[in-house]
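Novice: Next up is a structure, given as structure tokens.
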Amino acid sequence: MHSNKDGNNWIGTIAKPLLEHLPALYPIEEWDVAMDARIEALSTSVITEGSPEQLPYGLAIKAGLFLLNESLDKSHEIAQEITNPTGSYWHALMHRMEGDYSNAKYWFNDVGHHPIFSNLIQFVRDNLSLKDFMELENEALRHKLEVLVTSPVWNPYVFIDVVEIQVSLVQNPTVDSWLRQIQRSEMQLLLQFCYEQSCGGSLLGAIGQK
């Protein structure tokens, strides 16, 4: 955990409001322009407590913060510099959110089986069930959601397909809410993983989330 005042400050002023925000599936512009400036000014040495070997995860945290702020281009610039699977994960999420679904799948190939997948599929099972979408008129969307919910492991490719159908064709407000909640959980889990790798401890615990 961070032990200095400056290290803790970014958790409350940047991470907390962003982790409470519900990003769009297909953002048009950044959520908070002032927040972009705060993330830009955040030093990776502060995030990692000056540990150079943890730089990739410090960068990954900044990429994630920008993406939570729906600032796709700035997140992309950083994610491209990170060569580990977690950097590829942020890269994939950015492309999914910009609507480049085939490119998102390409980057998920680099991710492989990420450690957050088990917690993410549990979140889906806890918050979505087959009965929730049985009445949906779009058969393709219904089928993809069924596969997503019943899969034994998190399937990022199926989720990309679900998002594409929702954004490009169906635009159902209820489905949009479901998918945005899942997306936020995914981003929270990934940011928490980056925090654990960069400096240890629980980011969600530090800001009072479970």
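Here's how to read the names in the structure tokens: chain A, B, ... by the order shown, residue numbers from 1 in each chain, ligand numbers from 1 in the order shown.
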Please report, as a Markdown table, each residue of stretch 43-97 of chain A lying at most 12 Å from stretch 115-135 of chain A, together with the nearest pair of atoms and the separation in Å rounded to one decimal; use only C-alpha atoms, and order rows by chain and ascending residue number.
Specialist:
| residue | atom | partner | partner_atom | distance |
| --- | --- | --- | --- | --- |
| A:Pro85 | CA | A:Pro115 | CA | 10.2 |
| A:Thr86 | CA | A:Pro115 | CA | 9.6 |
| A:Tyr89 | CA | A:Ile116 | CA | 10.7 |
Novice: Report as an mmCIF file with C-alpha atoms, in the first residue's frame all protein, DNA and RNA residues lying within 8 Å of stretch 69-72 of chain A, evaluated on only C-alpha atoms, omitting residues in the same chain fewer than 3 positions from it.
Specialist:
data_model
loop_
_atom_site.group_PDB
_atom_site.id
_atom_site.type_symbol
_atom_site.label_atom_id
_atom_site.label_comp_id
_atom_site.auth_asym_id
_atom_site.auth_seq_id
_atom_site.Cartn_x
_atom_site.Cartn_y
_atom_site.Cartn_z
ATOM 1 C CA LEU A 18 -13.613 7.197 -12.134
ATOM 2 C CA PRO A 23 -18.528 4.444 -18.997
ATOM 3 C CA ALA A 24 -20.486 4.170 -22.219
ATOM 4 C CA PRO A 27 -18.112 6.831 -25.939
ATOM 5 C CA GLU A 29 -15.971 12.153 -26.052
ATOM 6 C CA GLU A 30 -14.187 12.155 -22.724
ATOM 7 C CA TRP A 31 -16.403 12.193 -19.650
ATOM 8 C CA ASP A 32 -14.524 14.902 -17.712
ATOM 9 C CA MET A 35 -10.038 14.682 -15.099
ATOM 10 C CA ASP A 36 -8.013 14.113 -18.273
ATOM 11 C CA LEU A 65 -7.806 5.698 -15.802
ATOM 12 C CA PHE A 66 -7.979 7.402 -19.188
ATOM 13 C CA SER A 75 -5.527 5.505 -23.279
ATOM 14 C CA HIS A 76 -4.500 4.033 -26.623
ATOM 15 C CA MET A 94 -10.090 0.663 -26.100
ATOM 16 C CA MET A 97 -15.162 0.989 -26.988
ATOM 17 C CA GLU A 98 -14.268 2.778 -30.229
#
Novice: Mind pulling up the distance from atom CA of A:Leu190 to atom CA of A:Asp176?
Specialist: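 Computing it gives 20.9 Å between the two atoms.
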Novice: Please run DSSP on the backbone and report, as an MDAnalysis selection string, all residues within stretch 78-151 of chain A that come out as alpha helix (DSSP H).
Specialist: chainID A and resid 78:79 85:98 101:111 117:127 139:150
Novice: Using the selection just defined, write its residues with N, CA and C atoms as a short mmCIF file (atom, residue, chain, number, x, y, z; two decimals), in the first residue's frame.
Specialist:
data_model
loop_
_atom_site.label_atom_id
_atom_site.label_comp_id
_atom_site.auth_asym_id
_atom_site.auth_seq_id
_atom_site.Cartn_x
_atom_site.Cartn_y
_atom_site.Cartn_z
N ILE A 78 -0.92 5.13 -24.48
CA ILE A 78 -0.17 4.48 -23.40
C ILE A 78 -0.19 2.97 -23.56
N ALA A 79 -1.36 2.41 -23.87
CA ALA A 79 -1.48 0.95 -23.99
C ALA A 79 -0.54 0.38 -25.05
N PRO A 85 0.48 -8.90 -21.21
CA PRO A 85 -0.92 -9.19 -21.48
C PRO A 85 -1.91 -8.17 -20.93
N THR A 86 -1.57 -7.55 -19.80
CA THR A 86 -2.47 -6.55 -19.23
C THR A 86 -2.52 -5.30 -20.09
N GLY A 87 -1.37 -4.91 -20.66
CA GLY A 87 -1.37 -3.80 -21.62
C GLY A 87 -2.22 -4.13 -22.84
N SER A 88 -2.13 -5.38 -23.30
CA SER A 88 -2.95 -5.81 -24.43
C SER A 88 -4.44 -5.78 -24.07
N TYR A 89 -4.75 -6.06 -22.79
CA TYR A 89 -6.15 -6.05 -22.34
C TYR A 89 -6.71 -4.62 -22.44
N TRP A 90 -5.98 -3.63 -21.92
CA TRP A 90 -6.45 -2.25 -22.04
C TRP A 90 -6.56 -1.85 -23.51
N HIS A 91 -5.62 -2.31 -24.31
CA HIS A 91 -5.62 -2.02 -25.74
C HIS A 91 -6.89 -2.59 -26.38
N ALA A 92 -7.23 -3.83 -26.01
CA ALA A 92 -8.43 -4.48 -26.55
C ALA A 92 -9.70 -3.74 -26.13
N LEU A 93 -9.75 -3.33 -24.87
CA LEU A 93 -10.94 -2.61 -24.38
C LEU A 93 -11.12 -1.30 -25.12
N MET A 94 -10.01 -0.60 -25.38
CA MET A 94 -10.09 0.66 -26.10
C MET A 94 -10.69 0.46 -27.48
N HIS A 95 -10.22 -0.57 -28.19
CA HIS A 95 -10.76 -0.82 -29.53
C HIS A 95 -12.24 -1.25 -29.48
N ARG A 96 -12.60 -2.00 -28.45
CA ARG A 96 -14.02 -2.38 -28.32
C ARG A 96 -14.88 -1.14 -28.10
N MET A 97 -14.39 -0.21 -27.29
CA MET A 97 -15.16 0.99 -26.99
C MET A 97 -15.21 1.97 -28.16
N GLU A 98 -14.22 1.90 -29.06
CA GLU A 98 -14.27 2.78 -30.23
C GLU A 98 -15.05 2.14 -31.38
N TYR A 101 -14.38 -3.70 -33.51
CA TYR A 101 -14.57 -4.96 -32.81
C TYR A 101 -13.59 -6.05 -33.26
N SER A 102 -13.25 -6.09 -34.52
CA SER A 102 -12.29 -7.10 -34.99
C SER A 102 -10.90 -6.84 -34.40
N ASN A 103 -10.53 -5.59 -34.28
CA ASN A 103 -9.24 -5.25 -33.68
C ASN A 103 -9.23 -5.56 -32.19
N ALA A 104 -10.36 -5.38 -31.54
CA ALA A 104 -10.46 -5.75 -30.12
C ALA A 104 -10.21 -7.24 -29.95
N LYS A 105 -10.77 -8.05 -30.82
CA LYS A 105 -10.56 -9.50 -30.75
C LYS A 105 -9.10 -9.85 -31.00
N TYR A 106 -8.47 -9.13 -31.92
CA TYR A 106 -7.06 -9.35 -32.22
C TYR A 106 -6.21 -9.17 -30.95
N TRP A 107 -6.49 -8.11 -30.20
CA TRP A 107 -5.69 -7.84 -29.00
C TRP A 107 -6.02 -8.79 -27.87
N PHE A 108 -7.25 -9.30 -27.84
CA PHE A 108 -7.57 -10.32 -26.84
C PHE A 108 -6.82 -11.62 -27.11
N ASN A 109 -6.43 -11.85 -28.35
CA ASN A 109 -5.58 -13.01 -28.63
C ASN A 109 -4.26 -12.91 -27.88
N ASP A 110 -3.74 -11.69 -27.72
CA ASP A 110 -2.51 -11.47 -26.98
C ASP A 110 -2.72 -11.58 -25.46
N VAL A 111 -3.93 -11.36 -25.02
CA VAL A 111 -4.22 -11.39 -23.59
C VAL A 111 -4.17 -12.82 -23.06
N PHE A 117 -10.38 -13.01 -15.16
CA PHE A 117 -11.52 -13.64 -15.83
C PHE A 117 -12.44 -14.37 -14.85
N SER A 118 -11.87 -15.04 -13.84
CA SER A 118 -12.71 -15.82 -12.93
C SER A 118 -13.64 -14.91 -12.12
N ASN A 119 -13.12 -13.78 -11.66
CA ASN A 119 -13.97 -12.84 -10.91
C ASN A 119 -14.99 -12.16 -11.82
N LEU A 120 -14.62 -11.96 -13.08
CA LEU A 120 -15.53 -11.29 -14.00
C LEU A 120 -16.71 -12.18 -14.36
N ILE A 121 -16.45 -13.45 -14.63
CA ILE A 121 -17.57 -14.35 -14.95
C ILE A 121 -18.47 -14.53 -13.73
N GLN A 122 -17.89 -14.49 -12.53
CA GLN A 122 -18.71 -14.58 -11.32
C GLN A 122 -19.62 -13.37 -11.19
N PHE A 123 -19.09 -12.18 -11.52
CA PHE A 123 -19.91 -10.97 -11.50
C PHE A 123 -21.09 -11.11 -12.46
N VAL A 124 -20.84 -11.64 -13.66
CA VAL A 124 -21.90 -11.82 -14.64
C VAL A 124 -22.97 -12.77 -14.10
N ARG A 125 -22.54 -13.89 -13.53
CA ARG A 125 -23.51 -14.87 -13.00
C ARG A 125 -24.32 -14.30 -11.84
N ASP A 126 -23.69 -13.44 -11.06
CA ASP A 126 -24.37 -12.85 -9.91
C ASP A 126 -25.38 -11.78 -10.31
N ASN A 127 -25.22 -11.22 -11.50
CA ASN A 127 -26.03 -10.06 -11.88
C ASN A 127 -26.90 -10.26 -13.11
N GLU A 139 -32.95 -12.27 -31.87
CA GLU A 139 -32.52 -13.65 -31.61
C GLU A 139 -31.01 -13.76 -31.45
N ALA A 140 -30.27 -13.04 -32.28
CA ALA A 140 -28.81 -13.10 -32.21
C ALA A 140 -28.30 -12.59 -30.86
N LEU A 141 -28.89 -11.49 -30.40
CA LEU A 141 -28.49 -10.93 -29.11
C LEU A 141 -28.84 -11.89 -27.98
N ARG A 142 -30.04 -12.47 -28.05
CA ARG A 142 -30.48 -13.42 -27.04
C ARG A 142 -29.52 -14.61 -26.96
N HIS A 143 -29.14 -15.13 -28.12
CA HIS A 143 -28.25 -16.28 -28.17
C HIS A 143 -26.87 -15.95 -27.60
N LYS A 144 -26.32 -14.81 -27.98
CA LYS A 144 -25.00 -14.42 -27.50
C LYS A 144 -25.01 -14.20 -25.98
N LEU A 145 -26.07 -13.60 -25.46
CA LEU A 145 -26.17 -13.40 -24.02
C LEU A 145 -26.27 -14.74 -23.29
N GLU A 146 -26.99 -15.68 -23.88
CA GLU A 146 -27.09 -17.01 -23.28
C GLU A 146 -25.72 -17.67 -23.21
N VAL A 147 -24.96 -17.57 -24.29
CA VAL A 147 -23.61 -18.14 -24.30
C VAL A 147 -22.74 -17.46 -23.25
N LEU A 148 -22.86 -16.14 -23.15
CA LEU A 148 -22.05 -15.37 -22.20
C LEU A 148 -22.32 -15.81 -20.77
N VAL A 149 -23.60 -15.96 -20.43
CA VAL A 149 -24.00 -16.27 -19.06
C VAL A 149 -23.70 -17.72 -18.69
N THR A 150 -23.84 -18.63 -19.63
CA THR A 150 -23.68 -20.05 -19.32
C THR A 150 -22.26 -20.56 -19.53
#
Novice: Considering only C-alpha atoms, state which residue in the set A:Ile28, A:Leu19, A:Glu164, A:Ser202 is at the smallest distance from A:Asp73.
Specialist: A:Ile28
Novice: Hey, what's within 12 Å of stretch 39-49 of chain A if we count only C-alpha atoms and toss same-chain stuff fewer than 2 positions away? As a PyMOL selection string, please?
Specialist: chain A and resi 1-11+13-15+18+32-37+51-69+71+74-75+77-78+194-201+203
Novice: Let's have the selection written as a PDB file, in the first residue's frame, with C-alpha atoms.
Specialist:
ATOM      1  CA  MET A   1       0.000   0.000   0.000  1.00  0.00           C
ATOM      2  CA  HIS A   2       1.064   3.589  -0.483  1.00  0.00           C
ATOM      3  CA  SER A   3       2.503   5.106   2.629  1.00  0.00           C
ATOM      4  CA  ASN A   4       2.941   8.689   1.523  1.00  0.00           C
ATOM      5  CA  LYS A   5       0.418  11.482   1.185  1.00  0.00           C
ATOM      6  CA  ASP A   6       1.068  12.138  -2.508  1.00  0.00           C
ATOM      7  CA  GLY A   7       0.731   8.456  -3.340  1.00  0.00           C
ATOM      8  CA  ASN A   8      -2.636   8.226  -1.636  1.00  0.00           C
ATOM      9  CA  ASN A   9      -3.944  11.494  -3.071  1.00  0.00           C
ATOM     10  CA  TRP A  10      -4.481  10.195  -6.614  1.00  0.00           C
ATOM     11  CA  ILE A  11      -6.578   7.314  -5.278  1.00  0.00           C
ATOM     12  CA  THR A  13      -9.097  12.453  -6.398  1.00  0.00           C
ATOM     13  CA  ILE A  14      -8.732  10.408  -9.607  1.00  0.00           C
ATOM     14  CA  ALA A  15      -9.375   6.701  -9.099  1.00  0.00           C
ATOM     15  CA  LEU A  18     -13.613   7.197 -12.134  1.00  0.00           C
ATOM     16  CA  ASP A  32     -14.524  14.902 -17.712  1.00  0.00           C
ATOM     17  CA  VAL A  33     -11.999  17.194 -19.427  1.00  0.00           C
ATOM     18  CA  ALA A  34     -10.522  18.321 -16.106  1.00  0.00           C
ATOM     19  CA  MET A  35     -10.038  14.682 -15.099  1.00  0.00           C
ATOM     20  CA  ASP A  36      -8.013  14.113 -18.273  1.00  0.00           C
ATOM     21  CA  ALA A  37      -5.609  16.827 -17.150  1.00  0.00           C
ATOM     22  CA  SER A  51       9.971   1.265  -8.471  1.00  0.00           C
ATOM     23  CA  PRO A  52      11.235   1.249 -12.095  1.00  0.00           C
ATOM     24  CA  GLU A  53      10.588  -2.469 -12.607  1.00  0.00           C
ATOM     25  CA  GLN A  54       6.891  -1.815 -11.998  1.00  0.00           C
ATOM     26  CA  LEU A  55       6.709   0.854 -14.714  1.00  0.00           C
ATOM     27  CA  PRO A  56       4.596  -1.274 -17.115  1.00  0.00           C
ATOM     28  CA  TYR A  57       1.859  -1.588 -14.498  1.00  0.00           C
ATOM     29  CA  GLY A  58       2.116   2.069 -13.580  1.00  0.00           C
ATOM     30  CA  LEU A  59       1.540   2.865 -17.245  1.00  0.00           C
ATOM     31  CA  ALA A  60      -1.302   0.329 -17.345  1.00  0.00           C
ATOM     32  CA  ILE A  61      -2.998   2.144 -14.464  1.00  0.00           C
ATOM     33  CA  LYS A  62      -2.820   5.428 -16.380  1.00  0.00           C
ATOM     34  CA  ALA A  63      -4.183   3.727 -19.527  1.00  0.00           C
ATOM     35  CA  GLY A  64      -7.051   2.370 -17.447  1.00  0.00           C
ATOM     36  CA  LEU A  65      -7.806   5.698 -15.802  1.00  0.00           C
ATOM     37  CA  PHE A  66      -7.979   7.402 -19.188  1.00  0.00           C
ATOM     38  CA  LEU A  67     -10.293   4.678 -20.481  1.00  0.00           C
ATOM     39  CA  LEU A  68     -12.577   4.962 -17.454  1.00  0.00           C
ATOM     40  CA  ASN A  69     -12.732   8.675 -18.318  1.00  0.00           C
ATOM     41  CA  SER A  71     -10.611   9.304 -23.227  1.00  0.00           C
ATOM     42  CA  LYS A  74      -4.943   8.987 -24.663  1.00  0.00           C
ATOM     43  CA  SER A  75      -5.527   5.505 -23.279  1.00  0.00           C
ATOM     44  CA  GLU A  77      -1.243   5.978 -26.723  1.00  0.00           C
ATOM     45  CA  ILE A  78      -0.171   4.480 -23.403  1.00  0.00           C
ATOM     46  CA  CYS A 194      -2.637  -3.405 -12.112  1.00  0.00           C
ATOM     47  CA  TYR A 195      -2.562  -1.792  -8.676  1.00  0.00           C
ATOM     48  CA  GLU A 196      -1.702  -5.102  -7.010  1.00  0.00           C
ATOM     49  CA  GLN A 197       1.122  -5.678  -9.479  1.00  0.00           C
ATOM     50  CA  SER A 198       2.510  -2.133  -9.271  1.00  0.00           C
ATOM     51  CA  CYS A 199       2.488  -1.479  -5.551  1.00  0.00           C
ATOM     52  CA  GLY A 200       0.527  -4.165  -3.715  1.00  0.00           C
ATOM     53  CA  GLY A 201      -2.596  -3.873  -1.610  1.00  0.00           C
ATOM     54  CA  LEU A 203      -7.135  -0.254  -4.654  1.00  0.00           C
TER      55      LEU A 203
END
Novice: Please indicate the distance in Å from atom CA of A:Gly99 to atom CA of A:Tyr26, rounded to one decimal place.
Specialist: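 Value for the atom CA of A:Gly99-atom CA of A:Tyr26 distance: 6.6 Å.
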